[in-house]
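Next comes my_file.cif, a file with mmCIF, C-alpha atoms, pLDDT in the B column; chains and numbers go by the auth columns.
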data_run
#
loop_
_atom_site.group_PDB
_atom_site.id
_atom_site.type_symbol
_atom_site.label_atom_id
_atom_site.label_comp_id
_atom_site.label_asym_id
_atom_site.label_seq_id
_atom_site.Cartn_x
_atom_site.Cartn_y
_atom_site.Cartn_z
_atom_site.B_iso_or_equiv
_atom_site.auth_seq_id
_atom_site.auth_asym_id
ATOM 1 C CA MET A 1 130.846 86.363 97.852 55.00 1450 O
ATOM 2 C CA ASP A 2 131.230 90.108 97.647 64.00 1451 O
ATOM 3 C CA VAL A 3 128.866 91.955 99.988 60.00 1452 O
ATOM 4 C CA ASN A 4 128.246 94.608 97.331 63.00 1453 O
ATOM 5 C CA SER A 5 126.889 92.060 94.864 62.00 1454 O
ATOM 6 C CA VAL A 6 123.875 91.402 97.099 68.00 1455 O
ATOM 7 C CA SER A 7 120.753 93.266 95.971 77.00 1456 O
ATOM 8 C CA SER A 8 118.999 95.649 98.316 86.00 1457 O
ATOM 9 C CA PRO A 9 116.595 93.848 100.693 89.00 1458 O
ATOM 10 C CA ILE A 10 113.923 96.200 99.351 91.00 1459 O
ATOM 11 C CA ASP A 11 114.371 94.863 95.802 91.00 1460 O
ATOM 12 C CA ILE A 12 114.365 91.265 97.023 92.00 1461 O
ATOM 13 C CA ALA A 13 111.195 91.731 99.074 94.00 1462 O
ATOM 14 C CA ILE A 14 109.487 93.576 96.207 93.00 1463 O
ATOM 15 C CA SER A 15 110.322 90.738 93.791 93.00 1464 O
ATOM 16 C CA GLY A 16 108.713 88.294 96.242 94.00 1465 O
ATOM 17 C CA MET A 17 105.645 90.516 96.563 95.00 1466 O
ATOM 18 C CA ARG A 18 105.294 90.720 92.785 93.00 1467 O
ATOM 19 C CA ALA A 19 105.557 86.953 92.415 94.00 1468 O
ATOM 20 C CA GLU A 20 102.961 86.251 95.110 95.00 1469 O
ATOM 21 C CA TRP A 21 100.698 88.919 93.647 94.00 1470 O
ATOM 22 C CA GLN A 22 100.850 87.119 90.312 93.00 1471 O
ATOM 23 C CA ARG A 23 100.123 83.816 92.044 94.00 1472 O
ATOM 24 C CA MET A 24 96.995 85.410 93.507 95.00 1473 O
ATOM 25 C CA SER A 25 95.895 86.554 90.022 94.00 1474 O
ATOM 26 C CA ILE A 26 96.393 83.031 88.694 95.00 1475 O
ATOM 27 C CA VAL A 27 94.428 81.528 91.590 96.00 1476 O
ATOM 28 C CA SER A 28 91.563 83.970 91.107 96.00 1477 O
ATOM 29 C CA ASN A 29 91.556 83.238 87.388 95.00 1478 O
ATOM 30 C CA ASN A 30 91.313 79.519 88.184 95.00 1479 O
ATOM 31 C CA ILE A 31 88.473 80.129 90.633 96.00 1480 O
ATOM 32 C CA ALA A 32 86.627 82.349 88.164 95.00 1481 O
ATOM 33 C CA ASN A 33 86.862 79.608 85.540 93.00 1482 O
ATOM 34 C CA THR A 34 85.658 76.668 87.687 93.00 1483 O
ATOM 35 C CA LYS A 35 82.702 76.087 85.390 91.00 1484 O
ATOM 36 C CA THR A 36 84.111 77.302 82.048 90.00 1485 O
ATOM 37 C CA THR A 37 83.447 74.697 79.376 89.00 1486 O
ATOM 38 C CA ARG A 38 84.509 76.660 76.297 90.00 1487 O
ATOM 39 C CA ASN A 39 87.750 78.282 75.209 88.00 1488 O
ATOM 40 C CA ALA A 40 88.239 81.835 73.918 88.00 1489 O
ATOM 41 C CA SER A 41 87.124 80.961 70.377 89.00 1490 O
ATOM 42 C CA GLY A 42 83.916 79.370 71.636 86.00 1491 O
ATOM 43 C CA GLU A 43 84.897 75.745 71.022 87.00 1492 O
ATOM 44 C CA PRO A 44 83.742 73.222 73.647 87.00 1493 O
ATOM 45 C CA LYS A 45 87.114 72.847 75.367 89.00 1494 O
ATOM 46 C CA PRO A 46 87.123 73.088 79.180 91.00 1495 O
ATOM 47 C CA TYR A 47 89.387 75.551 80.953 92.00 1496 O
ATOM 48 C CA CYS A 48 92.701 74.051 82.036 92.00 1497 O
ATOM 49 C CA ARG A 49 93.943 75.299 85.401 93.00 1498 O
ATOM 50 C CA GLN A 50 97.128 77.346 85.493 93.00 1499 O
ATOM 51 C CA ASP A 51 99.969 77.607 87.949 93.00 1500 O
ATOM 52 C CA ILE A 52 103.154 79.664 88.196 92.00 1501 O
ATOM 53 C CA VAL A 53 106.748 78.553 88.305 93.00 1502 O
ATOM 54 C CA LEU A 54 109.235 80.934 89.894 92.00 1503 O
ATOM 55 C CA SER A 55 112.908 81.109 89.065 91.00 1504 O
ATOM 56 C CA THR A 56 115.584 82.725 91.171 89.00 1505 O
ATOM 57 C CA SER A 57 117.821 85.414 89.739 82.00 1506 O
ATOM 58 C CA ALA A 58 121.216 84.627 88.216 79.00 1507 O
ATOM 59 C CA ASP A 59 123.169 86.225 91.056 72.00 1508 O
ATOM 60 C CA SER A 60 122.193 84.040 93.984 70.00 1509 O
ATOM 61 C CA LEU A 61 120.924 86.848 96.258 81.00 1510 O
ATOM 62 C CA GLY A 62 118.732 88.852 93.890 83.00 1511 O
ATOM 63 C CA GLY A 63 115.253 87.633 94.741 88.00 1512 O
ATOM 64 C CA ILE A 64 112.949 86.211 92.089 89.00 1513 O
ATOM 65 C CA SER A 65 113.874 87.059 88.523 86.00 1514 O
ATOM 66 C CA SER A 66 111.075 85.529 86.492 86.00 1515 O
ATOM 67 C CA VAL A 67 107.565 84.205 86.885 87.00 1516 O
ATOM 68 C CA GLU A 68 106.369 81.708 84.287 91.00 1517 O
ATOM 69 C CA VAL A 69 102.727 80.776 83.868 92.00 1518 O
ATOM 70 C CA VAL A 70 102.282 77.052 83.163 92.00 1519 O
ATOM 71 C CA THR A 71 99.175 75.044 82.305 91.00 1520 O
ATOM 72 C CA ASP A 72 98.442 72.079 84.548 89.00 1521 O
ATOM 73 C CA THR A 73 97.875 69.174 82.150 88.00 1522 O
ATOM 74 C CA SER A 74 98.543 66.424 84.705 89.00 1523 O
ATOM 75 C CA THR A 75 95.154 66.805 86.395 88.00 1524 O
ATOM 76 C CA ASP A 76 92.237 65.252 84.491 90.00 1525 O
ATOM 77 C CA PHE A 77 89.084 67.111 83.525 91.00 1526 O
ATOM 78 C CA LYS A 78 85.955 66.187 85.451 90.00 1527 O
ATOM 79 C CA ARG A 79 83.166 64.380 83.611 91.00 1528 O
ATOM 80 C CA VAL A 80 79.845 65.625 84.904 90.00 1529 O
ATOM 81 C CA TYR A 81 76.424 64.419 83.803 92.00 1530 O
ATOM 82 C CA ILE A 82 74.348 67.441 82.848 89.00 1531 O
ATOM 83 C CA GLU A 83 71.435 66.626 80.613 84.00 1532 O
ATOM 84 C CA GLY A 84 70.663 69.125 77.884 85.00 1533 O
ATOM 85 C CA HIS A 85 73.919 71.041 78.290 88.00 1534 O
ATOM 86 C CA PRO A 86 74.975 72.394 74.864 89.00 1535 O
ATOM 87 C CA ASP A 87 78.520 71.029 75.340 88.00 1536 O
ATOM 88 C CA ALA A 88 77.416 67.552 76.479 88.00 1537 O
ATOM 89 C CA ASP A 89 78.449 64.457 74.491 88.00 1538 O
ATOM 90 C CA GLU A 90 75.924 61.927 73.190 88.00 1539 O
ATOM 91 C CA HIS A 91 75.625 60.342 76.671 89.00 1540 O
ATOM 92 C CA GLY A 92 74.924 63.676 78.379 89.00 1541 O
ATOM 93 C CA PHE A 93 78.396 64.076 79.957 91.00 1542 O
ATOM 94 C CA VAL A 94 80.122 67.464 79.998 92.00 1543 O
ATOM 95 C CA LEU A 95 83.869 67.890 80.476 91.00 1544 O
ATOM 96 C CA MET A 96 84.410 70.367 83.323 92.00 1545 O
ATOM 97 C CA PRO A 97 87.666 72.219 84.117 93.00 1546 O
ATOM 98 C CA ASN A 98 90.269 70.488 86.291 92.00 1547 O
ATOM 99 C CA VAL A 99 89.944 73.225 88.923 93.00 1548 O
ATOM 100 C CA ASP A 100 89.523 71.986 92.494 93.00 1549 O
ATOM 101 C CA LEU A 101 88.180 74.734 94.756 94.00 1550 O
ATOM 102 C CA PRO A 102 89.806 73.455 98.011 95.00 1551 O
ATOM 103 C CA VAL A 103 93.184 73.291 96.258 94.00 1552 O
ATOM 104 C CA GLU A 104 92.764 76.815 94.895 95.00 1553 O
ATOM 105 C CA MET A 105 91.716 78.180 98.301 95.00 1554 O
ATOM 106 C CA MET A 106 94.807 76.586 99.833 95.00 1555 O
ATOM 107 C CA ASN A 107 97.004 78.193 97.161 94.00 1556 O
ATOM 108 C CA MET A 108 95.283 81.525 97.801 96.00 1557 O
ATOM 109 C CA ILE A 109 96.017 81.327 101.536 96.00 1558 O
ATOM 110 C CA SER A 110 99.638 80.360 100.972 96.00 1559 O
ATOM 111 C CA ALA A 111 100.079 83.163 98.402 95.00 1560 O
ATOM 112 C CA SER A 112 98.650 85.830 100.700 96.00 1561 O
ATOM 113 C CA ARG A 113 100.693 84.583 103.671 97.00 1562 O
ATOM 114 C CA ALA A 114 103.854 84.611 101.558 96.00 1563 O
ATOM 115 C CA TYR A 115 102.987 88.148 100.430 96.00 1564 O
ATOM 116 C CA GLN A 116 102.570 89.218 104.057 97.00 1565 O
ATOM 117 C CA ALA A 117 105.925 87.642 104.904 97.00 1566 O
ATOM 118 C CA ASN A 118 107.629 89.721 102.207 95.00 1567 O
ATOM 119 C CA VAL A 119 105.903 92.866 103.473 96.00 1568 O
ATOM 120 C CA ALA A 120 107.109 92.025 107.002 97.00 1569 O
ATOM 121 C CA VAL A 121 110.697 91.795 105.745 95.00 1570 O
ATOM 122 C CA LEU A 122 110.313 95.146 104.006 95.00 1571 O
ATOM 123 C CA LYS A 123 108.893 96.822 107.127 95.00 1572 O
ATOM 124 C CA ARG A 124 111.588 95.416 109.376 95.00 1573 O
ATOM 125 C CA TYR A 125 114.269 96.579 106.959 93.00 1574 O
ATOM 126 C CA GLN A 126 112.830 100.098 107.004 93.00 1575 O
ATOM 127 C CA ASP A 127 112.914 100.061 110.815 94.00 1576 O
ATOM 128 C CA ILE A 128 116.566 99.000 110.755 93.00 1577 O
ATOM 129 C CA VAL A 129 117.473 101.782 108.327 92.00 1578 O
ATOM 130 C CA GLU A 130 115.721 104.198 110.685 92.00 1579 O
ATOM 131 C CA VAL A 131 117.877 102.909 113.568 94.00 1580 O
ATOM 132 C CA THR A 132 121.013 103.444 111.469 92.00 1581 O
ATOM 133 C CA LEU A 133 119.989 107.013 110.686 91.00 1582 O
ATOM 134 C CA GLU A 134 119.578 107.632 114.426 91.00 1583 O
ATOM 135 C CA LEU A 135 123.381 107.437 114.579 91.00 1584 O
ATOM 136 C CA LEU A 136 123.535 110.734 112.688 86.00 1585 O
ATOM 137 C CA LYS A 137 121.619 112.584 115.386 80.00 1586 O
ATOM 138 C CA MET B 1 136.338 128.804 86.938 58.00 1154 Y
ATOM 139 C CA VAL B 2 134.076 126.346 88.697 67.00 1155 Y
ATOM 140 C CA LYS B 3 134.439 126.210 92.457 76.00 1156 Y
ATOM 141 C CA GLN B 4 134.943 122.781 94.020 80.00 1157 Y
ATOM 142 C CA PRO B 5 131.615 121.997 95.710 84.00 1158 Y
ATOM 143 C CA ASN B 6 131.551 121.367 99.449 89.00 1159 Y
ATOM 144 C CA ILE B 7 129.521 118.765 101.336 90.00 1160 Y
ATOM 145 C CA ILE B 8 126.504 121.074 101.644 92.00 1161 Y
ATOM 146 C CA ASN B 9 126.378 121.575 97.842 91.00 1162 Y
ATOM 147 C CA TYR B 10 126.548 117.825 97.281 92.00 1163 Y
ATOM 148 C CA LEU B 11 123.805 117.151 99.813 93.00 1164 Y
ATOM 149 C CA GLU B 12 121.628 119.870 98.312 93.00 1165 Y
ATOM 150 C CA ALA B 13 122.033 118.399 94.835 92.00 1166 Y
ATOM 151 C CA GLY B 14 121.181 114.943 96.162 93.00 1167 Y
ATOM 152 C CA LEU B 15 118.132 116.265 97.991 95.00 1168 Y
ATOM 153 C CA ARG B 16 116.951 118.047 94.852 94.00 1169 Y
ATOM 154 C CA ALA B 17 117.292 114.865 92.794 94.00 1170 Y
ATOM 155 C CA ALA B 18 115.498 112.821 95.451 95.00 1171 Y
ATOM 156 C CA SER B 19 112.587 115.249 95.638 96.00 1172 Y
ATOM 157 C CA VAL B 20 112.258 115.330 91.845 95.00 1173 Y
ATOM 158 C CA ARG B 21 112.292 111.527 91.820 96.00 1174 Y
ATOM 159 C CA ARG B 22 109.577 111.463 94.470 96.00 1175 Y
ATOM 160 C CA ALA B 23 107.328 113.611 92.266 96.00 1176 Y
ATOM 161 C CA VAL B 24 108.077 111.427 89.226 96.00 1177 Y
ATOM 162 C CA LEU B 25 107.281 108.221 91.121 96.00 1178 Y
ATOM 163 C CA ALA B 26 104.071 109.764 92.464 96.00 1179 Y
ATOM 164 C CA ASN B 27 103.156 110.606 88.866 96.00 1180 Y
ATOM 165 C CA ASN B 28 103.825 106.989 87.869 95.00 1181 Y
ATOM 166 C CA LEU B 29 101.579 105.764 90.678 95.00 1182 Y
ATOM 167 C CA ALA B 30 98.840 108.167 89.610 95.00 1183 Y
ATOM 168 C CA ASN B 31 99.031 106.682 86.106 94.00 1184 Y
ATOM 169 C CA THR B 32 98.886 102.983 87.074 93.00 1185 Y
ATOM 170 C CA GLU B 33 95.705 102.566 85.039 91.00 1186 Y
ATOM 171 C CA THR B 34 96.334 105.071 82.240 93.00 1187 Y
ATOM 172 C CA PRO B 35 96.359 103.202 78.912 94.00 1188 Y
ATOM 173 C CA GLY B 36 99.609 103.555 76.995 93.00 1189 Y
ATOM 174 C CA TYR B 37 101.490 105.273 79.825 94.00 1190 Y
ATOM 175 C CA ARG B 38 105.173 104.328 80.148 94.00 1191 Y
ATOM 176 C CA ARG B 39 106.889 104.942 83.476 94.00 1192 Y
ATOM 177 C CA HIS B 40 109.335 107.797 84.048 94.00 1193 Y
ATOM 178 C CA ASP B 41 112.425 107.830 86.204 94.00 1194 Y
ATOM 179 C CA VAL B 42 115.121 110.285 87.255 94.00 1195 Y
ATOM 180 C CA GLN B 43 118.768 110.006 86.310 92.00 1196 Y
ATOM 181 C CA PHE B 44 121.193 111.800 88.576 92.00 1197 Y
ATOM 182 C CA GLU B 45 123.506 109.470 90.519 90.00 1198 Y
ATOM 183 C CA GLN B 46 125.097 107.952 87.404 89.00 1199 Y
ATOM 184 C CA GLN B 47 125.950 111.393 86.046 89.00 1200 Y
ATOM 185 C CA LEU B 48 127.339 112.463 89.412 89.00 1201 Y
ATOM 186 C CA ALA B 49 129.492 109.330 89.557 89.00 1202 Y
ATOM 187 C CA GLN B 50 130.811 110.107 86.074 88.00 1203 Y
ATOM 188 C CA ALA B 51 131.567 113.712 86.999 87.00 1204 Y
ATOM 189 C CA LEU B 52 133.378 112.564 90.151 87.00 1205 Y
ATOM 190 C CA LYS B 53 135.516 110.157 88.115 88.00 1206 Y
ATOM 191 C CA SER B 54 136.739 112.835 85.716 84.00 1207 Y
ATOM 192 C CA SER B 55 139.504 115.147 86.897 80.00 1208 Y
ATOM 193 C CA GLY B 56 138.824 118.766 87.828 79.00 1209 Y
ATOM 194 C CA PRO B 57 136.051 120.276 89.957 81.00 1210 Y
ATOM 195 C CA VAL B 58 132.500 118.963 89.643 83.00 1211 Y
ATOM 196 C CA ASP B 59 130.012 121.478 88.249 83.00 1212 Y
ATOM 197 C CA LEU B 60 126.895 120.635 90.236 83.00 1213 Y
ATOM 198 C CA ASP B 61 124.794 123.283 88.466 82.00 1214 Y
ATOM 199 C CA ALA B 62 125.353 121.468 85.174 82.00 1215 Y
ATOM 200 C CA LEU B 63 124.256 118.210 86.816 85.00 1216 Y
ATOM 201 C CA ARG B 64 120.521 118.714 86.861 87.00 1217 Y
ATOM 202 C CA PRO B 65 118.406 115.617 87.541 88.00 1218 Y
ATOM 203 C CA HIS B 66 117.099 114.337 84.201 89.00 1219 Y
ATOM 204 C CA ILE B 67 113.650 112.829 83.809 92.00 1220 Y
ATOM 205 C CA ILE B 68 113.926 109.818 81.508 91.00 1221 Y
ATOM 206 C CA GLN B 69 111.651 107.056 80.272 91.00 1222 Y
ATOM 207 C CA PRO B 70 113.575 103.774 80.761 90.00 1223 Y
ATOM 208 C CA MET B 71 111.202 101.792 78.455 88.00 1224 Y
ATOM 209 C CA ASN B 72 112.643 98.522 79.802 87.00 1225 Y
ATOM 210 C CA THR B 73 109.756 97.149 81.858 86.00 1226 Y
ATOM 211 C CA PRO B 74 107.203 94.675 80.455 86.00 1227 Y
ATOM 212 C CA VAL B 75 104.130 96.353 78.980 89.00 1228 Y
ATOM 213 C CA GLY B 76 100.691 95.159 80.110 87.00 1229 Y
ATOM 214 C CA PRO B 77 97.628 94.560 77.926 89.00 1230 Y
ATOM 215 C CA ASN B 78 96.648 98.264 77.976 90.00 1231 Y
ATOM 216 C CA GLY B 79 100.113 99.473 76.909 91.00 1232 Y
ATOM 217 C CA ASN B 80 100.990 100.527 80.448 92.00 1233 Y
ATOM 218 C CA ASP B 81 104.215 99.384 82.120 92.00 1234 Y
ATOM 219 C CA VAL B 82 103.700 100.751 85.664 93.00 1235 Y
ATOM 220 C CA ASN B 83 103.904 98.086 88.362 92.00 1236 Y
ATOM 221 C CA LEU B 84 102.510 99.068 91.757 92.00 1237 Y
ATOM 222 C CA HIS B 85 105.055 97.026 93.708 92.00 1238 Y
ATOM 223 C CA THR B 86 108.078 98.264 91.795 92.00 1239 Y
ATOM 224 C CA GLU B 87 107.019 101.887 92.214 94.00 1240 Y
ATOM 225 C CA ILE B 88 106.458 101.444 95.958 94.00 1241 Y
ATOM 226 C CA GLY B 89 109.889 99.806 96.269 93.00 1242 Y
ATOM 227 C CA GLU B 90 111.469 102.714 94.413 94.00 1243 Y
ATOM 228 C CA LEU B 91 109.586 105.185 96.636 94.00 1244 Y
ATOM 229 C CA ILE B 92 110.849 103.452 99.796 94.00 1245 Y
ATOM 230 C CA LYS B 93 114.430 103.487 98.496 93.00 1246 Y
ATOM 231 C CA ASN B 94 114.125 107.135 97.455 94.00 1247 Y
ATOM 232 C CA ASP B 95 112.695 108.123 100.844 94.00 1248 Y
ATOM 233 C CA GLY B 96 115.623 106.376 102.540 92.00 1249 Y
ATOM 234 C CA THR B 97 118.097 108.316 100.414 93.00 1250 Y
ATOM 235 C CA TYR B 98 116.293 111.607 101.050 95.00 1251 Y
ATOM 236 C CA LYS B 99 116.240 110.996 104.793 94.00 1252 Y
ATOM 237 C CA THR B 100 119.938 110.130 104.845 94.00 1253 Y
ATOM 238 C CA TYR B 101 120.909 113.298 102.965 95.00 1254 Y
ATOM 239 C CA LEU B 102 118.707 115.388 105.226 95.00 1255 Y
ATOM 240 C CA ARG B 103 120.170 113.920 108.410 95.00 1256 Y
ATOM 241 C CA LEU B 104 123.695 114.468 107.070 94.00 1257 Y
ATOM 242 C CA LEU B 105 122.835 118.070 106.234 95.00 1258 Y
ATOM 243 C CA ALA B 106 121.392 118.652 109.717 94.00 1259 Y
ATOM 244 C CA LYS B 107 124.503 117.089 111.220 94.00 1260 Y
ATOM 245 C CA THR B 108 126.762 119.379 109.182 94.00 1261 Y
ATOM 246 C CA TYR B 109 124.860 122.473 110.308 93.00 1262 Y
ATOM 247 C CA ARG B 110 124.982 121.303 113.923 92.00 1263 Y
ATOM 248 C CA GLN B 111 128.729 120.919 113.701 92.00 1264 Y
ATOM 249 C CA MET B 112 128.941 124.502 112.404 92.00 1265 Y
ATOM 250 C CA GLU B 113 126.859 125.705 115.333 92.00 1266 Y
ATOM 251 C CA ILE B 114 129.213 123.950 117.725 92.00 1267 Y
ATOM 252 C CA ALA B 115 132.174 125.559 115.981 93.00 1268 Y
ATOM 253 C CA ILE B 116 130.816 129.099 116.293 93.00 1269 Y
ATOM 254 C CA GLY B 117 129.609 128.439 119.807 90.00 1270 Y
ATOM 255 C CA THR B 118 125.923 129.338 119.463 73.00 1271 Y
ATOM 256 C CA LYS B 119 125.054 126.259 121.515 61.00 1272 Y
#
Before we go any further, please render this structure as structure tokens.
Amino acid sequence: MDVNSVSSPIDIAISGMRAEWQRMSIVSNNIANTKTTRNASGEPKPYCRQDIVLSTSADSLGGISSVEVVTDTSTDFKRVYIEGHPDADEHGFVLMPNVDLPVEMMNMISASRAYQANVAVLKRYQDIVEVTLELLK
Amino acid sequence: MVKQPNIINYLEAGLRAASVRRAVLANNLANTETPGYRRHDVQFEQQLAQALKSSGPVDLDALRPHIIQPMNTPVGPNGNDVNLHTEIGELIKNDGTYKTYLRLLAKTYRQMEIAIGTK
């Protein structure tokens, strides 16, 4: 592979930071909607948790090229008995979102750690560039 | 008749472009939350590369850094396409370029001082 076809480490680290940032937004959206029982048009449809899928760039050393938001349909909604809830069925059960707080907290920690890792790469790269520029002194 | 620029002219032009870009990126960062704002960028290196490819001396005075709006980044819900991370990445890259030009310029002047024996 040609050395010149490799993207700058700054661009690669920034693409990682952007992706992890988006993961954090998704996680906080999931956490905010733990108890949401209705959709945007007000129908009694519980919130379905979301996740992101990352894809690498076409040239193998270009960082992350796209972030796709996907809806997690494999996890079932929780059926909770809440009497008198406006969205309850005839037996008093309400469908609650499939958001699991421990899972979301774990995703949050892994997203922020991955973000920090990308920042560490960026910082180290800046230090190395500084060392190179010392040669001009 | 345009004089063939020397290394100091090239470095000066590069430094000028880098400082303009720094101001433009700072303006982008200031407008991260402005509804409808589209990011600006500076075009200089591509034009310089083109001028270097063509035969004859390069007219650096004609190669002013141009402020452009790339309009190629995804627009958010408020019509704004500034991304904090991208701008910071661009700032870091621009600072690296600026520093390199400056060090090269200092080096050139130091070599001149050695040549005339002031040190």
**Message:** Residues of chain O within 9 Å of chain Y, counting only C-alpha atoms, what are they? List them as a ChimeraX atom specification.
**Reply:** /O:1459-1460,1462-1464,1466-1467,1575,1578-1579,1582-1583,1585-1586
**Request:** Please identify all polymer residues lying at most 10 Å from the point (95.7, 78.7, 85.6) (file coordinates), using all atoms listed in the file, and present the result as a ChimeraX atom specification.
**Result:** /O:1472,1474-1480,1482,1496-1501,1518-1521,1547-1548,1553
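Neighbouring residues of stretch 1510-1517 of chain O at 7 Å or closer, counting all atoms listed in the file and skipping chain neighbours under 2 positions away, are Val1455, Ser1456, Ile1461, Ser1464, Gly1465, Ala1468, Ile1501, Val1502, Leu1503, Ser1504, Thr1505, Ser1506, Asp1508 and Val1519 of chain O.
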**Prompt:** Excluding same-chain residues fewer than 2 positions from O:Thr1486, what lies within 10 Å of it counting only C-alpha atoms, as a list in words?
**Reply:** Asn1482, Thr1483, Lys1484, Asn1488, Gly1491, Glu1492, Pro1493, Lys1494, Pro1495, Tyr1496, Cys1497, Pro1535, Asp1536, Ala1537, Val1543, Leu1544, Met1545 and Pro1546 of chain O
Based on the selection just made, write C-alpha atoms of those residues as a PDB file, in the coordinates of the input.
ATOM      1  CA  ASN O1482      86.862  79.608  85.540  1.00 93.00           C
ATOM      2  CA  THR O1483      85.658  76.668  87.687  1.00 93.00           C
ATOM      3  CA  LYS O1484      82.702  76.087  85.390  1.00 91.00           C
ATOM      4  CA  ASN O1488      87.750  78.282  75.209  1.00 88.00           C
ATOM      5  CA  GLY O1491      83.916  79.370  71.636  1.00 86.00           C
ATOM      6  CA  GLU O1492      84.897  75.745  71.022  1.00 87.00           C
ATOM      7  CA  PRO O1493      83.742  73.222  73.647  1.00 87.00           C
ATOM      8  CA  LYS O1494      87.114  72.847  75.367  1.00 89.00           C
ATOM      9  CA  PRO O1495      87.123  73.088  79.180  1.00 91.00           C
ATOM     10  CA  TYR O1496      89.387  75.551  80.953  1.00 92.00           C
ATOM     11  CA  CYS O1497      92.701  74.051  82.036  1.00 92.00           C
ATOM     12  CA  PRO O1535      74.975  72.394  74.864  1.00 89.00           C
ATOM     13  CA  ASP O1536      78.520  71.029  75.340  1.00 88.00           C
ATOM     14  CA  ALA O1537      77.416  67.552  76.479  1.00 88.00           C
ATOM     15  CA  VAL O1543      80.122  67.464  79.998  1.00 92.00           C
ATOM     16  CA  LEU O1544      83.869  67.890  80.476  1.00 91.00           C
ATOM     17  CA  MET O1545      84.410  70.367  83.323  1.00 92.00           C
ATOM     18  CA  PRO O1546      87.666  72.219  84.117  1.00 93.00           C
TER      19      PRO O1546
END
**Item:** Residues in the PyMOL selection byres ((chain Y and resi 1214) around 10), expressed as a VMD selection string
**Value:** chain Y and resid 1155 1162 1166 1211 to 1213 1215 to 1217
**Item:** Selection result for the PyMOL selection byres ((chain Y and resi 1176-1179) around 12) on this file, as a ChimeraX atom specification
**Value:** /Y:1169-1175,1180-1185,1191-1196,1218-1222,1235-1248
**Prompt:** What does the distance between atom CA of Y:Gln1264 and atom CA of Y:Lys1206 come to in Å, to one decimal place?
**Reply:** 28.6 Å
**Prompt:** Quick one, how far is atom CA of O:Ser1457 from atom CA of O:Asp1576?
**Reply:**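 Distance reported for this atom pair: 14.6 Å.
The space separating atom CA of Y:Leu1164 from atom CA of Y:Thr1271 comes to 23.2 Å.
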**Asked** Given the file above and the PyMOL selection byres ((chain O and resi 1564) around 9), which residues are selected, and can you give them as a list in words?
**Response**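 Written out, the selection comes to Gly1465, Met1466, Arg1467, Ala1468, Glu1469, Trp1470, Ser1559, Ala1560, Ser1561, Arg1562, Ala1563, Gln1565, Ala1566, Asn1567, Val1568 and Ala1569 of chain O.
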Where's the centre, and what are the edge lengths in Å to one decimal, of a box along x, y and z enclosing all listed atoms of stretch 1160-1176 of chain Y padded 5 Å per side, as lines of an AutoDock Vina configuration file?
center_x = 118.4
center_y = 116.5
center_z = 96.7
size_x = 32.2
size_y = 20.1
size_z = 19.8
Please supply stretch 1183-1194 of chain Y, rebuilt with N, CA and C atoms, as a tab-separated table (two decimals), in the coordinates of the input.
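File rebuild.tsv, as written:
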chain	number	residue	atom	x	y	z
Y	1183	ALA	N	100.13	107.59	90.01
Y	1183	ALA	CA	98.84	108.17	89.61
Y	1183	ALA	C	98.39	107.61	88.27
Y	1184	ASN	N	99.35	107.17	87.46
Y	1184	ASN	CA	99.03	106.68	86.11
Y	1184	ASN	C	99.05	105.16	86.00
Y	1185	THR	N	98.83	104.46	87.12
Y	1185	THR	CA	98.89	102.98	87.07
Y	1185	THR	C	97.88	102.41	86.10
Y	1186	GLU	N	96.76	103.11	85.90
Y	1186	GLU	CA	95.70	102.57	85.04
Y	1186	GLU	C	95.55	103.33	83.73
Y	1187	THR	N	96.45	104.29	83.47
Y	1187	THR	CA	96.33	105.07	82.24
Y	1187	THR	C	96.79	104.24	81.05
Y	1188	PRO	N	95.94	104.02	80.06
Y	1188	PRO	CA	96.36	103.20	78.91
Y	1188	PRO	C	97.51	103.86	78.16
Y	1189	GLY	N	98.49	103.06	77.80
Y	1189	GLY	CA	99.61	103.56	77.00
Y	1189	GLY	C	100.67	104.33	77.75
Y	1190	TYR	N	100.50	104.50	79.07
Y	1190	TYR	CA	101.49	105.27	79.82
Y	1190	TYR	C	102.74	104.44	80.09
Y	1191	ARG	N	103.90	105.00	79.81
Y	1191	ARG	CA	105.17	104.33	80.15
Y	1191	ARG	C	105.81	105.07	81.30
Y	1192	ARG	N	106.38	104.33	82.26
Y	1192	ARG	CA	106.89	104.94	83.48
Y	1192	ARG	C	108.09	105.86	83.22
Y	1193	HIS	N	108.21	106.86	84.10
Y	1193	HIS	CA	109.34	107.80	84.05
Y	1193	HIS	C	110.25	107.50	85.23
Y	1194	ASP	N	111.48	107.96	85.10
Y	1194	ASP	CA	112.42	107.83	86.20
Y	1194	ASP	C	113.38	109.02	86.14
